[in-house]
Amino acid sequence: MNDSNGAILFIEKPKPSDAFSIKERYIQTKYVDKLLFARDPDQNTINILEAIRKNDVRAAYRILAIAEVSANMTYDALSKDVHHVQPVTDKMLLDPISCEIIQDSGKPEGCLQGCSLLHFACEYGYPIMVELLLLFGADINMQDFHGRTPLHHCVQKKNDELTKHLLKRGARTTIKDGGGLTALERRMELGAITDEDLFILFVR
């Protein structure tokens, strides 16, 4: 089946009795053009996460454009390993510091619940992947389970360059996480901001 641009979305695996030209087309599509996608939406979800982990921008683009995976899908849509049960009545549970997974791992990024694809790209520190997701409509201010935006994730990794990029692209600086702190306040917990441009972007 072809889309309007001539890209092949799905074709059946050829049978032994099929003509050589059909077999050749299948091989070309699968291994050279790499335009075949699984019919199972869950598999496409796994593929997009893997593409982000590997910083494979080309693969991520094809999945977003052709397989129509949402740029705003979350980790919860893929994983059954959900630690927190919603709705939460105890607001203390929303504070990243109170999260058992974060405590056990010793890393702020230990808990992935509610994280979007953009959160993942920021965690890995891939600016081109971040921009690709934004172009496909990723919500730059989306909050994970602990109220952290992609901006929060950037600052906790001390990735000042990517933080500046998000701020220039419109990331809001007033959003507070589950602990009641903004991204700027989280960044200042990690030490003084010596990058003047970064500080100006935060307070403008």
# chains A, B, ... in the order shown; residues from 1 in each chain; ligands from 1
$ residues_around --residues "stretch 63-74 of chain A" --least-positions-apart "3" --cutoff "6 Å" --atoms "only C-alpha atoms" --output "JSON, numbers by chain"
{"A": [60, 77, 114, 115, 116, 133, 138]}
$ write_last_selection --atoms "C-alpha atoms" --output "JSON list (two decimals), in the first residue's frame"
[["chain", "number", "residue", "atom", "x", "y", "z"],
["A", 60, "ALA", "CA", 12.12, 8.69, 14.48],
["A", 77, "ALA", "CA", 1.29, 4.04, 27.21],
["A", 114, "GLY", "CA", 4.25, 10.23, 32.82],
["A", 115, "CYS", "CA", 7.36, 11.10, 30.80],
["A", 116, "SER", "CA", 6.72, 12.04, 27.18],
["A", 133, "LEU", "CA", 9.57, 16.21, 18.33],
["A", 138, "ALA", "CA", 5.28, 17.74, 21.19]]
$ residues_around --residues "A:Asp195" --least-positions-apart "6" --cutoff "12 Å" --atoms "only C-alpha atoms" --output "PyMOL selection string"
chain A and resi 158-161+163-164+187+201-202
$ write_last_selection --atoms "C-alpha atoms" --output "PDB file, in the first residue's frame"
ATOM      1  CA  LYS A 158      22.817  20.266  33.931  1.00  0.00           C
ATOM      2  CA  ASN A 159      22.514  20.461  30.160  1.00  0.00           C
ATOM      3  CA  ASP A 160      22.618  24.238  29.887  1.00  0.00           C
ATOM      4  CA  GLU A 161      22.753  24.344  26.083  1.00  0.00           C
ATOM      5  CA  THR A 163      17.973  24.214  28.491  1.00  0.00           C
ATOM      6  CA  LYS A 164      18.610  27.432  26.559  1.00  0.00           C
ATOM      7  CA  ARG A 187      18.933  24.362  38.554  1.00  0.00           C
ATOM      8  CA  LEU A 201      16.531  33.522  29.446  1.00  0.00           C
ATOM      9  CA  PHE A 202      15.229  32.236  32.767  1.00  0.00           C
TER      10      PHE A 202
END
$ residues_around --residues "A:Leu167" --least-positions-apart "6" --cutoff "12 Å" --atoms "only C-alpha atoms" --output "ChimeraX atom specification"
/A:140-141,149-152,154-155,160-161,173-174,183-184,197-204
$ atom_distance --atom1 "atom CA of A:Ile48" --atom2 "atom CA of A:Phe145"
20.8 Å
$ closest_residue --among "A:Ile102, A:Ala192, A:Asp95, A:Leu162" --to "A:Gly147" --atoms "only C-alpha atoms"
A:Asp95
$ closest_residue --among "A:His146, A:Arg58, A:Lys157, A:His119" --to "A:Asp177" --atoms "only C-alpha atoms"
A:His146
$ residues_around --residues "A:Glu131" --least-positions-apart "6" --cutoff "10 Å" --atoms "only C-alpha atoms" --output "PDB file with N, CA, C and O atoms, in the first residue's frame"
ATOM      1  N   LEU A 118       9.395  13.785  24.508  1.00  0.00           N
ATOM      2  CA  LEU A 118      10.253  14.962  24.648  1.00  0.00           C
ATOM      3  C   LEU A 118      11.056  14.897  25.945  1.00  0.00           C
ATOM      4  O   LEU A 118      12.228  15.285  25.979  1.00  0.00           O
ATOM      5  N   ALA A 121      13.964  12.612  25.159  1.00  0.00           N
ATOM      6  CA  ALA A 121      14.984  13.259  24.328  1.00  0.00           C
ATOM      7  C   ALA A 121      15.817  14.234  25.156  1.00  0.00           C
ATOM      8  O   ALA A 121      17.032  14.355  24.956  1.00  0.00           O
ATOM      9  N   GLY A 137       4.743  18.538  17.027  1.00  0.00           N
ATOM     10  CA  GLY A 137       3.688  18.931  17.951  1.00  0.00           C
ATOM     11  C   GLY A 137       3.862  18.513  19.390  1.00  0.00           C
ATOM     12  O   GLY A 137       2.890  18.551  20.164  1.00  0.00           O
ATOM     13  N   ALA A 138       5.061  18.116  19.793  1.00  0.00           N
ATOM     14  CA  ALA A 138       5.281  17.744  21.191  1.00  0.00           C
ATOM     15  C   ALA A 138       5.014  18.948  22.091  1.00  0.00           C
ATOM     16  O   ALA A 138       5.412  20.071  21.780  1.00  0.00           O
ATOM     17  N   HIS A 165      17.939  26.125  24.638  1.00  0.00           N
ATOM     18  CA  HIS A 165      17.153  25.864  23.425  1.00  0.00           C
ATOM     19  C   HIS A 165      15.665  25.778  23.760  1.00  0.00           C
ATOM     20  O   HIS A 165      14.827  26.370  23.060  1.00  0.00           O
ATOM     21  N   LEU A 166      15.326  25.067  24.833  1.00  0.00           N
ATOM     22  CA  LEU A 166      13.920  24.954  25.223  1.00  0.00           C
ATOM     23  C   LEU A 166      13.344  26.311  25.616  1.00  0.00           C
ATOM     24  O   LEU A 166      12.198  26.629  25.283  1.00  0.00           O
ATOM     25  N   ARG A 169      12.530  28.245  22.674  1.00  0.00           N
ATOM     26  CA  ARG A 169      11.385  27.675  21.946  1.00  0.00           C
ATOM     27  C   ARG A 169      10.072  27.846  22.702  1.00  0.00           C
ATOM     28  O   ARG A 169       9.037  27.377  22.276  1.00  0.00           O
TER      29      ARG A 169
END
$ atom_distance --atom1 "atom CA of A:Ala59" --atom2 "atom CA of A:Leu112"
22.5 Å
$ residues_around --residues "A:Gly106" --least-positions-apart "6" --cutoff "12 Å" --atoms "only C-alpha atoms" --output "ChimeraX atom specification"
/A:96-100
$ write_last_selection --atoms "all heavy atoms" --output "PDB file, in the first residue's frame"
ATOM      1  N   PRO A  96       9.193  14.736  43.695  1.00  0.00           N
ATOM      2  CA  PRO A  96      10.220  13.781  43.245  1.00  0.00           C
ATOM      3  C   PRO A  96      11.060  13.226  44.392  1.00  0.00           C
ATOM      4  O   PRO A  96      11.472  12.064  44.362  1.00  0.00           O
ATOM      5  CB  PRO A  96      11.075  14.617  42.283  1.00  0.00           C
ATOM      6  CG  PRO A  96      10.183  15.710  41.826  1.00  0.00           C
ATOM      7  CD  PRO A  96       9.269  16.013  42.971  1.00  0.00           C
ATOM      8  N   ILE A  97      11.282  14.033  45.408  1.00  0.00           N
ATOM      9  CA  ILE A  97      12.111  13.602  46.534  1.00  0.00           C
ATOM     10  C   ILE A  97      11.444  12.466  47.303  1.00  0.00           C
ATOM     11  O   ILE A  97      12.110  11.638  47.928  1.00  0.00           O
ATOM     12  CB  ILE A  97      12.391  14.800  47.477  1.00  0.00           C
ATOM     13  CG1 ILE A  97      13.212  15.856  46.732  1.00  0.00           C
ATOM     14  CG2 ILE A  97      13.129  14.358  48.730  1.00  0.00           C
ATOM     15  CD1 ILE A  97      13.467  17.112  47.536  1.00  0.00           C
ATOM     16  N   SER A  98      10.102  12.400  47.243  1.00  0.00           N
ATOM     17  CA  SER A  98       9.365  11.376  47.980  1.00  0.00           C
ATOM     18  C   SER A  98       9.186  10.085  47.195  1.00  0.00           C
ATOM     19  O   SER A  98       8.632   9.120  47.712  1.00  0.00           O
ATOM     20  CB  SER A  98       7.980  11.916  48.372  1.00  0.00           C
ATOM     21  OG  SER A  98       8.096  13.077  49.165  1.00  0.00           O
ATOM     22  N   CYS A  99       9.633  10.058  45.944  1.00  0.00           N
ATOM     23  CA  CYS A  99       9.448   8.887  45.092  1.00  0.00           C
ATOM     24  C   CYS A  99      10.445   7.789  45.466  1.00  0.00           C
ATOM     25  O   CYS A  99      11.660   8.010  45.459  1.00  0.00           O
ATOM     26  CB  CYS A  99       9.620   9.274  43.625  1.00  0.00           C
ATOM     27  SG  CYS A  99       9.503   7.880  42.482  1.00  0.00           S
ATOM     28  N   GLU A 100       9.933   6.600  45.776  1.00  0.00           N
ATOM     29  CA  GLU A 100      10.798   5.492  46.182  1.00  0.00           C
ATOM     30  C   GLU A 100      11.751   5.071  45.065  1.00  0.00           C
ATOM     31  O   GLU A 100      12.903   4.715  45.321  1.00  0.00           O
ATOM     32  CB  GLU A 100       9.944   4.295  46.611  1.00  0.00           C
ATOM     33  CG  GLU A 100       9.157   4.529  47.888  1.00  0.00           C
ATOM     34  CD  GLU A 100       8.329   3.319  48.269  1.00  0.00           C
ATOM     35  OE1 GLU A 100       8.404   2.300  47.549  1.00  0.00           O
ATOM     36  OE2 GLU A 100       7.611   3.396  49.284  1.00  0.00           O
TER      37      GLU A 100
END
$ atom_distance --atom1 "atom CA of A:Glu123" --atom2 "atom CA of A:Gly110"
10.7 Å
